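target-v9.pdb follows (PDB, C-alpha atoms and all ligand atoms):
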```pdb
MODEL        1
ATOM      1  CA  MET A   1     -38.540  19.401   0.297
ATOM      2  CA  ARG A   2     -38.670  16.248   2.402
ATOM      3  CA  TYR A   3     -38.580  12.819   0.752
ATOM      4  CA  PHE A   4     -40.230   9.806   2.414
ATOM      5  CA  ARG A   5     -40.280   6.157   1.356
ATOM      6  CA  THR A   6     -43.475   4.281   2.167
ATOM      7  CA  ALA A   7     -44.872   0.796   1.658
ATOM      8  CA  GLY A   8     -47.462   0.874  -1.140
ATOM      9  CA  ASP A   9     -49.576  -2.112  -2.286
ATOM     10  CA  ASP A  10     -47.343  -2.419  -5.350
ATOM     11  CA  GLY A  11     -43.988  -1.828  -3.586
ATOM     12  CA  PRO A  12     -42.231   1.201  -2.079
ATOM     13  CA  HIS A  13     -43.430   4.696  -3.011
ATOM     14  CA  VAL A  14     -41.561   8.018  -2.920
ATOM     15  CA  ILE A  15     -43.680  10.645  -1.170
ATOM     16  CA  VAL A  16     -42.517  14.253  -1.261
ATOM     17  CA  ALA A  17     -43.624  16.826   1.286
ATOM     18  CA  ARG A  18     -43.621  20.424   0.071
ATOM     19  CA  ASP A  19     -44.983  22.820   2.690
ATOM     20  CA  GLU A  20     -48.079  21.018   4.009
ATOM     21  CA  THR A  21     -48.839  18.979   0.850
ATOM     22  CA  HIS A  22     -47.661  15.416   0.179
ATOM     23  CA  TYR A  23     -47.196  14.194  -3.418
ATOM     24  CA  ASP A  24     -46.856  10.560  -4.487
ATOM     25  CA  LEU A  25     -44.106  10.611  -7.138
ATOM     26  CA  THR A  26     -44.364   6.852  -7.702
ATOM     27  CA  ALA A  27     -48.060   7.126  -8.603
ATOM     28  CA  GLY A  28     -47.312  10.003 -11.014
ATOM     29  CA  PRO A  29     -46.624   9.526 -14.745
ATOM     30  CA  ASP A  30     -42.831   9.358 -14.237
ATOM     31  CA  ARG A  31     -43.177   6.478 -11.730
ATOM     32  CA  ILE A  32     -40.165   7.607  -9.687
ATOM     33  CA  SER A  33     -39.195   4.608  -7.561
ATOM     34  CA  SER A  34     -36.371   6.047  -5.472
ATOM     35  CA  VAL A  35     -34.908   9.346  -4.340
ATOM     36  CA  TYR A  36     -31.665   8.268  -6.053
ATOM     37  CA  GLU A  37     -33.368   8.567  -9.469
ATOM     38  CA  LEU A  38     -33.946  12.218  -8.605
ATOM     39  CA  ALA A  39     -30.350  12.566  -7.437
ATOM     40  CA  ALA A  40     -29.102  11.046 -10.711
ATOM     41  CA  ALA A  41     -31.235  13.433 -12.779
ATOM     42  CA  ALA A  42     -30.067  16.387 -10.688
ATOM     43  CA  ARG A  43     -26.404  15.439 -11.182
ATOM     44  CA  LEU A  44     -26.941  15.104 -14.934
ATOM     45  CA  THR A  45     -28.685  18.450 -15.380
ATOM     46  CA  GLY A  46     -26.771  20.421 -12.732
ATOM     47  CA  GLU A  47     -30.024  21.211 -10.911
ATOM     48  CA  THR A  48     -30.851  20.585  -7.273
ATOM     49  CA  ILE A  49     -33.010  17.593  -6.301
ATOM     50  CA  ASP A  50     -35.788  20.009  -5.376
ATOM     51  CA  GLU A  51     -35.633  21.658  -8.812
ATOM     52  CA  VAL A  52     -35.916  18.265 -10.543
ATOM     53  CA  THR A  53     -38.802  17.304  -8.241
ATOM     54  CA  GLY A  54     -40.541  20.659  -8.687
ATOM     55  CA  GLU A  55     -41.001  19.857 -12.393
ATOM     56  CA  LEU A  56     -42.796  16.577 -11.522
ATOM     57  CA  LEU A  57     -45.199  17.773  -8.863
ATOM     58  CA  ALA A  58     -47.911  19.210 -11.133
ATOM     59  CA  ASP A  59     -48.698  15.712 -12.474
ATOM     60  CA  ALA A  60     -48.265  13.768  -9.220
ATOM     61  CA  PRO A  61     -51.342  12.836  -7.123
ATOM     62  CA  THR A  62     -51.464  14.111  -3.554
ATOM     63  CA  VAL A  63     -51.877  11.907  -0.470
ATOM     64  CA  ASP A  64     -53.167  12.840   2.979
ATOM     65  CA  THR A  65     -50.452  11.361   5.198
ATOM     66  CA  VAL A  66     -47.244   9.370   5.116
ATOM     67  CA  ASP A  67     -48.305   5.919   6.337
ATOM     68  CA  ASP A  68     -45.804   3.161   7.121
ATOM     69  CA  PRO A  69     -42.568   5.054   6.532
ATOM     70  CA  LEU A  70     -39.843   2.586   5.534
ATOM     71  CA  PRO A  71     -36.130   2.842   6.212
ATOM     72  CA  PRO A  72     -35.829   5.782   3.893
ATOM     73  CA  TYR A  73     -33.195   5.117   1.310
ATOM     74  CA  GLU A  74     -32.001   1.494   1.098
ATOM     75  CA  ILE A  75     -28.751   2.393   2.839
ATOM     76  CA  GLU A  76     -25.872  -0.054   2.291
ATOM     77  CA  GLU A  77     -23.487   1.297   4.943
ATOM     78  CA  ALA A  78     -23.666   3.718   7.869
ATOM     79  CA  TRP A  79     -20.547   5.466   9.195
ATOM     80  CA  ALA A  80     -20.299   7.809  12.159
ATOM     81  CA  ALA A  81     -18.132  10.598  13.502
ATOM     82  CA  GLY A  82     -17.240  10.800  17.191
ATOM     83  CA  VAL A  83     -16.297  13.440  19.724
ATOM     84  CA  THR A  84     -17.483  16.300  17.531
ATOM     85  CA  TYR A  85     -19.113  18.150  20.461
ATOM     86  CA  ALA A  86     -17.502  19.134  23.783
ATOM     87  CA  ILE A  87     -20.153  17.285  25.803
ATOM     88  CA  SER A  88     -19.396  13.994  24.046
ATOM     89  CA  GLU A  89     -15.664  14.430  24.681
ATOM     90  CA  GLN A  90     -16.299  15.142  28.401
ATOM     91  CA  ALA A  91     -18.677  12.186  28.816
ATOM     92  CA  ARG A  92     -16.128   9.822  27.272
ATOM     93  CA  GLU A  93     -13.278  11.136  29.392
ATOM     94  CA  GLU A  94     -15.417  10.468  32.485
ATOM     95  CA  GLU A  95     -16.474   6.951  31.504
ATOM     96  CA  SER A  96     -13.159   5.761  30.082
ATOM     97  CA  SER A  97     -10.202   4.102  31.721
ATOM     98  CA  MET A  98      -8.069   5.708  28.961
ATOM     99  CA  ALA A  99      -9.477   9.213  28.853
ATOM    100  CA  ASP A 100      -6.845  11.069  26.876
ATOM    101  CA  VAL A 101      -7.573   9.285  23.571
ATOM    102  CA  TYR A 102     -10.773  11.334  23.347
ATOM    103  CA  LEU A 103      -9.039  14.669  23.919
ATOM    104  CA  ARG A 104      -6.454  13.678  21.331
ATOM    105  CA  VAL A 105      -9.159  13.440  18.686
ATOM    106  CA  PHE A 106     -11.348  16.347  19.848
ATOM    107  CA  ASP A 107      -8.748  19.020  19.139
ATOM    108  CA  HIS A 108      -6.774  17.356  16.356
ATOM    109  CA  GLU A 109      -7.146  17.896  12.638
ATOM    110  CA  ARG A 110      -8.210  14.364  11.686
ATOM    111  CA  PRO A 111     -11.701  13.531  12.998
ATOM    112  CA  GLU A 112     -12.721  10.233  14.543
ATOM    113  CA  LEU A 113     -14.724   8.276  11.957
ATOM    114  CA  PHE A 114     -15.867   4.735  12.512
ATOM    115  CA  PHE A 115     -17.841   2.095  10.670
ATOM    116  CA  LYS A 116     -21.320   1.954  12.232
ATOM    117  CA  ALA A 117     -23.607  -0.481  10.410
ATOM    118  CA  THR A 118     -24.373  -2.476   7.324
ATOM    119  CA  GLY A 119     -27.858  -2.023   5.850
ATOM    120  CA  ARG A 120     -29.005  -5.223   7.563
ATOM    121  CA  ARG A 121     -28.223  -3.814  11.023
ATOM    122  CA  LEU A 122     -30.023  -0.510  10.339
ATOM    123  CA  VAL A 123     -33.638   0.109  11.260
ATOM    124  CA  GLY A 124     -36.104   2.717  10.079
ATOM    125  CA  PRO A 125     -38.773   4.836  11.794
ATOM    126  CA  ASN A 126     -41.030   3.140  14.368
ATOM    127  CA  ASP A 127     -38.933  -0.046  14.324
ATOM    128  CA  ALA A 128     -36.991  -1.441  17.315
ATOM    129  CA  VAL A 129     -33.444  -0.335  18.149
ATOM    130  CA  GLY A 130     -31.288  -2.732  20.167
ATOM    131  CA  ILE A 131     -29.383  -2.775  23.426
ATOM    132  CA  ARG A 132     -26.917  -5.625  23.916
ATOM    133  CA  ALA A 133     -27.726  -8.290  26.513
ATOM    134  CA  ASP A 134     -24.028  -8.294  27.563
ATOM    135  CA  SER A 135     -23.979  -4.534  28.261
ATOM    136  CA  THR A 136     -24.986  -2.813  31.512
ATOM    137  CA  TRP A 137     -25.030   0.851  30.420
ATOM    138  CA  ASP A 138     -26.736   1.819  27.168
ATOM    139  CA  VAL A 139     -27.685   5.123  25.581
ATOM    140  CA  PRO A 140     -29.120   6.463  22.346
ATOM    141  CA  GLU A 141     -27.037   9.102  20.543
ATOM    142  CA  PRO A 142     -29.121  11.583  18.517
ATOM    143  CA  GLU A 143     -27.151  12.838  15.535
ATOM    144  CA  LEU A 144     -27.610  14.868  12.371
ATOM    145  CA  ALA A 145     -26.808  12.532   9.456
ATOM    146  CA  VAL A 146     -25.613  13.325   5.940
ATOM    147  CA  VAL A 147     -27.048  11.113   3.176
ATOM    148  CA  LEU A 148     -24.470  10.401   0.461
ATOM    149  CA  TRP A 149     -25.080   9.071  -3.002
ATOM    150  CA  ARG A 150     -21.971   8.013  -4.925
ATOM    151  CA  GLY A 151     -19.805   9.813  -2.374
ATOM    152  CA  GLU A 152     -21.589  13.190  -2.585
ATOM    153  CA  PRO A 153     -24.142  14.600  -0.113
ATOM    154  CA  ILE A 154     -27.717  14.660  -1.400
ATOM    155  CA  GLY A 155     -29.514  15.618   1.828
ATOM    156  CA  TYR A 156     -29.844  15.118   5.556
ATOM    157  CA  THR A 157     -31.669  12.842   7.943
ATOM    158  CA  ILE A 158     -31.724  11.910  11.635
ATOM    159  CA  GLY A 159     -29.538   9.111  13.006
ATOM    160  CA  ASN A 160     -29.523   7.266  16.324
ATOM    161  CA  ASP A 161     -26.048   5.863  17.083
ATOM    162  CA  MET A 162     -27.032   3.325  19.776
ATOM    163  CA  SER A 163     -24.062   2.777  22.078
ATOM    164  CA  SER A 164     -22.932   0.621  24.969
ATOM    165  CA  ARG A 165     -21.099   2.937  27.358
ATOM    166  CA  SER A 166     -20.046   0.077  29.643
ATOM    167  CA  ILE A 167     -18.249  -1.745  26.818
ATOM    168  CA  GLU A 168     -16.676   1.388  25.295
ATOM    169  CA  GLY A 169     -15.726   2.670  28.784
ATOM    170  CA  GLU A 170     -13.824  -0.502  29.630
ATOM    171  CA  ASN A 171     -11.380  -0.097  26.760
ATOM    172  CA  PRO A 172     -11.528   2.141  23.646
ATOM    173  CA  LEU A 173     -10.439  -0.849  21.532
ATOM    174  CA  TYR A 174     -13.836  -2.355  22.338
ATOM    175  CA  LEU A 175     -15.503   0.459  20.349
ATOM    176  CA  PRO A 176     -16.646  -1.792  17.462
ATOM    177  CA  GLN A 177     -18.472  -4.033  19.966
ATOM    178  CA  ALA A 178     -19.981  -1.020  21.741
ATOM    179  CA  LYS A 179     -21.222   0.375  18.444
ATOM    180  CA  VAL A 180     -21.872  -2.414  15.920
ATOM    181  CA  TYR A 181     -24.418  -5.132  16.657
ATOM    182  CA  ASP A 182     -27.983  -6.084  15.662
ATOM    183  CA  ARG A 183     -30.340  -3.050  15.424
ATOM    184  CA  CYS A 184     -27.522  -0.694  16.488
ATOM    185  CA  CYS A 185     -28.564   2.240  14.331
ATOM    186  CA  ALA A 186     -31.793   3.947  13.272
ATOM    187  CA  VAL A 187     -32.221   6.484  10.472
ATOM    188  CA  GLY A 188     -35.191   8.475   9.217
ATOM    189  CA  PRO A 189     -37.936   9.518   8.972
ATOM    190  CA  CYS A 190     -37.128  11.185   5.628
ATOM    191  CA  LEU A 191     -34.414  12.784   3.565
ATOM    192  CA  ALA A 192     -34.519  16.576   3.842
ATOM    193  CA  SER A 193     -32.909  18.375   0.912
ATOM    194  CA  ALA A 194     -30.155  20.961   1.385
ATOM    195  CA  ASP A 195     -32.670  23.687   0.430
ATOM    196  CA  GLU A 196     -35.133  22.455   3.056
ATOM    197  CA  ILE A 197     -32.546  22.274   5.811
ATOM    198  CA  GLY A 198     -30.906  25.677   5.420
ATOM    199  CA  ASP A 199     -27.680  25.812   7.427
ATOM    200  CA  PRO A 200     -26.956  22.286   8.773
ATOM    201  CA  HIS A 201     -24.785  23.861  11.459
ATOM    202  CA  GLU A 202     -27.667  25.755  12.989
ATOM    203  CA  LEU A 203     -30.457  23.301  13.727
ATOM    204  CA  VAL A 204     -32.264  22.684  16.992
ATOM    205  CA  MET A 205     -32.031  19.002  17.956
ATOM    206  CA  SER A 206     -33.913  17.420  20.857
ATOM    207  CA  MET A 207     -34.354  13.988  22.375
ATOM    208  CA  GLN A 208     -37.105  12.642  24.583
ATOM    209  CA  ILE A 209     -37.058   9.174  26.167
ATOM    210  CA  ARG A 210     -40.266   7.700  27.576
ATOM    211  CA  ARG A 211     -40.673   4.731  29.945
ATOM    212  CA  ASP A 212     -44.157   3.472  30.893
ATOM    213  CA  ASP A 213     -45.707   6.762  29.689
ATOM    214  CA  GLU A 214     -43.322   8.795  31.820
ATOM    215  CA  VAL A 215     -40.676  11.096  30.331
ATOM    216  CA  VAL A 216     -37.313   9.976  31.777
ATOM    217  CA  PHE A 217     -35.048  12.187  29.651
ATOM    218  CA  ASP A 218     -35.804  15.388  27.750
ATOM    219  CA  ASP A 219     -33.200  17.826  26.496
ATOM    220  CA  GLU A 220     -32.264  19.904  23.490
ATOM    221  CA  THR A 221     -29.185  21.323  21.836
ATOM    222  CA  ASN A 222     -28.145  22.953  18.573
ATOM    223  CA  THR A 223     -25.836  21.730  15.807
ATOM    224  CA  ASP A 224     -24.056  25.084  16.095
ATOM    225  CA  GLN A 225     -22.177  23.448  19.011
ATOM    226  CA  MET A 226     -20.408  21.042  16.621
ATOM    227  CA  VAL A 227     -16.660  21.670  16.344
ATOM    228  CA  ARG A 228     -16.466  20.112  12.847
ATOM    229  CA  THR A 229     -18.441  20.773   9.670
ATOM    230  CA  CYS A 230     -20.433  18.234   7.641
ATOM    231  CA  GLU A 231     -18.178  19.023   4.639
ATOM    232  CA  GLU A 232     -15.024  18.284   6.641
ATOM    233  CA  LEU A 233     -16.407  14.969   7.950
ATOM    234  CA  THR A 234     -17.615  13.941   4.480
ATOM    235  CA  SER A 235     -14.259  14.852   2.982
ATOM    236  CA  TYR A 236     -12.352  12.648   5.454
ATOM    237  CA  LEU A 237     -14.815   9.780   5.030
ATOM    238  CA  THR A 238     -14.518   9.717   1.243
ATOM    239  CA  ARG A 239     -10.677   9.844   1.160
ATOM    240  CA  HIS A 240      -9.189   6.613  -0.230
ATOM    241  CA  ASN A 241     -12.475   4.925   0.635
ATOM    242  CA  ASP A 242     -14.706   3.805  -2.217
ATOM    243  CA  LEU A 243     -18.070   3.905  -0.461
ATOM    244  CA  PRO A 244     -21.113   2.000  -1.667
ATOM    245  CA  ASP A 245     -23.536   4.181  -3.645
ATOM    246  CA  ARG A 246     -25.963   4.558  -0.757
ATOM    247  CA  THR A 247     -24.222   5.588   2.450
ATOM    248  CA  VAL A 248     -25.130   7.660   5.488
ATOM    249  CA  LEU A 249     -22.718   9.529   7.802
ATOM    250  CA  LEU A 250     -23.798  10.351  11.368
ATOM    251  CA  THR A 251     -22.045  13.495  12.616
ATOM    252  CA  GLY A 252     -21.731  12.889  16.380
ATOM    253  CA  THR A 253     -23.778  13.420  19.487
ATOM    254  CA  SER A 254     -24.312  16.402  21.705
ATOM    255  CA  LEU A 255     -27.050  15.072  23.991
ATOM    256  CA  VAL A 256     -25.725  12.751  26.682
ATOM    257  CA  PRO A 257     -28.063  11.451  29.417
ATOM    258  CA  PRO A 258     -26.654  11.598  32.983
ATOM    259  CA  GLU A 259     -24.417   8.762  34.202
ATOM    260  CA  SER A 260     -27.261   7.352  36.308
ATOM    261  CA  PHE A 261     -29.308   6.736  33.150
ATOM    262  CA  THR A 262     -29.416   3.545  31.104
ATOM    263  CA  LEU A 263     -31.983   2.463  28.515
ATOM    264  CA  HIS A 264     -34.451  -0.334  29.319
ATOM    265  CA  PRO A 265     -36.264  -2.633  26.883
ATOM    266  CA  GLY A 266     -39.651  -1.031  26.139
ATOM    267  CA  ASP A 267     -38.369   2.574  26.302
ATOM    268  CA  THR A 268     -39.273   4.869  23.397
ATOM    269  CA  VAL A 269     -36.683   7.266  21.962
ATOM    270  CA  ASP A 270     -37.897  10.297  19.984
ATOM    271  CA  ILE A 271     -35.272  12.424  18.273
ATOM    272  CA  THR A 272     -36.369  15.646  16.578
ATOM    273  CA  ILE A 273     -34.254  17.853  14.320
ATOM    274  CA  GLU A 274     -35.542  21.163  13.008
ATOM    275  CA  ASN A 275     -36.608  21.021   9.324
ATOM    276  CA  ILE A 276     -36.324  17.213   9.197
ATOM    277  CA  GLY A 277     -38.913  15.786  11.630
ATOM    278  CA  THR A 278     -38.954  13.150  14.366
ATOM    279  CA  LEU A 279     -37.355   9.711  14.375
ATOM    280  CA  SER A 280     -39.172   7.459  16.844
ATOM    281  CA  ASN A 281     -38.011   3.984  17.921
ATOM    282  CA  HIS A 282     -38.671   1.609  20.793
ATOM    283  CA  VAL A 283     -35.940  -0.360  22.520
ATOM    284  CA  VAL A 284     -35.490  -4.154  22.597
ATOM    285  CA  GLU A 285     -32.724  -6.317  24.026
ATOM    286  CA  VAL A 286     -30.704  -8.158  21.378
TER     287      VAL A 286
HETATM  288  O1  LIG A 301     -15.448   7.807  20.504
HETATM  289  C1  LIG A 301     -16.430   7.184  20.561
HETATM  290  C2  LIG A 301     -17.699   7.434  19.891
HETATM  291  C3  LIG A 301     -18.153   8.844  19.956
HETATM  292  C4  LIG A 301     -19.498   9.064  19.378
HETATM  293  O2  LIG A 301     -20.162   8.181  18.898
HETATM  294  C5  LIG A 301     -20.068  10.428  19.398
HETATM  295  O3  LIG A 301     -19.418  11.380  19.874
HETATM  296  O4  LIG A 301     -21.200  10.586  18.925
HETATM  297 MG    MG A 302     -22.186   8.842  18.267
ENDMDL
END
```
So, in terms of structure tokens, how does the structure I just supplied come out?
Amino acid sequence: MRYFRTAGDDGPHVIVARDETHYDLTAGPDRISSVYELAAAARLTGETIDEVTGELLADAPTVDTVDDPLPPYEIEEAWAAGVTYAISEQAREEESSMADVYLRVFDHERPELFFKATGRRLVGPNDAVGIRADSTWDVPEPELAVVLWRGEPIGYTIGNDMSSRSIEGENPLYLPQAKVYDRCCAVGPCLASADEIGDPHELVMSMQIRRDDEVVFDDETNTDQMVRTCEELTSYLTRHNDLPDRTVLLTGTSLVPPESFTLHPGDTVDITIENIGTLSNHVVEV
């Protein structure tokens, strides 16, 4: 099932999509206010989130659409993995004045993991993502993201790891400035459960960028090209690192626009991942 968070008149609602039907769990008798309540119940009973939810659907009212999706899950921190696909490693070697650091992480046991955003810097669906005013070369990075609750995966979503290639390319030690700034990361539009997703390492992922109603980038890939697994990345992230309860881990990019491409304010970025949906954001300068 897919779990959305929407703005209701009386506060956020949890809307669950099963097949083509949407159920409002917050308007049901159990008044579920967050997907983490379902995760807590599932951990207690040893069931999956979908099994817990399945028992609530009969009494929950249905709704026609998911209006006003909010940043889905009140994330406190976002982390990201890098150079988990060959194309990302090649692009970084080409842009960087110190190319071999990327190769050294691509084929070594320990993955590259970096801090990406606090909750305040994250945006949700249909909100604006940022490009830095002091950067000259900016790209979105479409990535499958693992949603963690108390250090354990509870589902998947889509992440956009907005990046300044000019700043990162100048010196790898500038990575935090290339990656962490206002509106540097988008997540959404929903949390897809493990049962909904199937194999996370076999999902079609595409990105389309539009400028003045014209498509300026359109490509697709598959998560089967990833050289790491979500389990491996999660395991490294959670070692000796007491994460906040609500964390998301982006797993790296495999769609890299050509070197001649940079984002402009006003562009729209649509990222689609099979079995999750589409995360759409417009671009502003920050
Ligand atoms: O090494 C820099 C960042 C890499 C990254 O963000 C990615 O591969 O997605
Ligand atoms: Mg990335």
Got a sec to resolve the PyMOL selection byres (((not hetatm)) within 8 of (chain A and resi 302)) on this structure and send the residues as a compact mmCIF listing (two decimals) with C-alpha atoms, in the coordinates of the input?
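expr-v2.txt, written as the output of this step:
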```txt
# COMPACT_ATOMS: atom_id res chain seq x y z
CA ALA A 80 -20.30 7.81 12.16
CA ALA A 81 -18.13 10.60 13.50
CA GLY A 82 -17.24 10.80 17.19
CA VAL A 83 -16.30 13.44 19.72
CA GLU A 141 -27.04 9.10 20.54
CA PRO A 142 -29.12 11.58 18.52
CA GLU A 143 -27.15 12.84 15.54
CA ASN A 160 -29.52 7.27 16.32
CA ASP A 161 -26.05 5.86 17.08
CA MET A 162 -27.03 3.32 19.78
CA SER A 163 -24.06 2.78 22.08
CA LEU A 250 -23.80 10.35 11.37
CA THR A 251 -22.04 13.50 12.62
CA GLY A 252 -21.73 12.89 16.38
CA THR A 253 -23.78 13.42 19.49
```
Residue among A:Gln90, A:Thr268, A:Asn241, A:Ser166 lying closest to Gly130 (chain A), counting only C-alpha atoms |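 Residue with the minimum atom-to-atom distance to Gly130 (chain A): A:Thr268.
With distances taken over all atoms listed in the file, A:Leu255 is the one residue among A:Ala58, A:Leu237, A:Val216, A:Leu255 lying closest to ligand LIG 301 (chain A).
Nearest residue to ligand LIG 301 (chain A), choosing from A:Lys179, A:Arg132, A:His13, A:Arg2 and counting only C-alpha atoms and all ligand atoms: A:Lys179.
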List the neighbours of Val283 (chain A) out to 7 Å using only C-alpha atoms; skip same-chain residues closer than 6 positions along the sequence, and give me the result as a PyMOL selection string.
-> chain A and resi 128-130+264-268
Pick the closest to ligand LIG 301 (chain A) from A:Leu148, A:Val52, A:Ala192, A:Leu175: which is it, counting only C-alpha atoms and all ligand atoms?
-> A:Leu175
How far is it from CA of Ser280 (chain A) to CA of Ser88 (chain A), in Å with one decimal?
-> 22.0 Å
Run the PyMOL selection byres (((chain A and resi 69) around 7) and not hetatm) mentally over the shown coordinates, then write out the matched residues as a PDB file with C-alpha atoms, in the coordinates of the input, using the chain letters and numbers from the document.
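Once everything was written out, this is result-v9.pdb:
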```pdb
ATOM      1  CA  PHE A   4     -40.230   9.806   2.414  1.00  0.00           C
ATOM      2  CA  ARG A   5     -40.280   6.157   1.356  1.00  0.00           C
ATOM      3  CA  THR A   6     -43.475   4.281   2.167  1.00  0.00           C
ATOM      4  CA  ALA A   7     -44.872   0.796   1.658  1.00  0.00           C
ATOM      5  CA  VAL A  66     -47.244   9.370   5.116  1.00  0.00           C
ATOM      6  CA  ASP A  67     -48.305   5.919   6.337  1.00  0.00           C
ATOM      7  CA  ASP A  68     -45.804   3.161   7.121  1.00  0.00           C
ATOM      8  CA  LEU A  70     -39.843   2.586   5.534  1.00  0.00           C
ATOM      9  CA  PRO A  71     -36.130   2.842   6.212  1.00  0.00           C
ATOM     10  CA  PRO A 125     -38.773   4.836  11.794  1.00  0.00           C
ATOM     11  CA  PRO A 189     -37.936   9.518   8.972  1.00  0.00           C
TER      12      PRO A 189
END
```
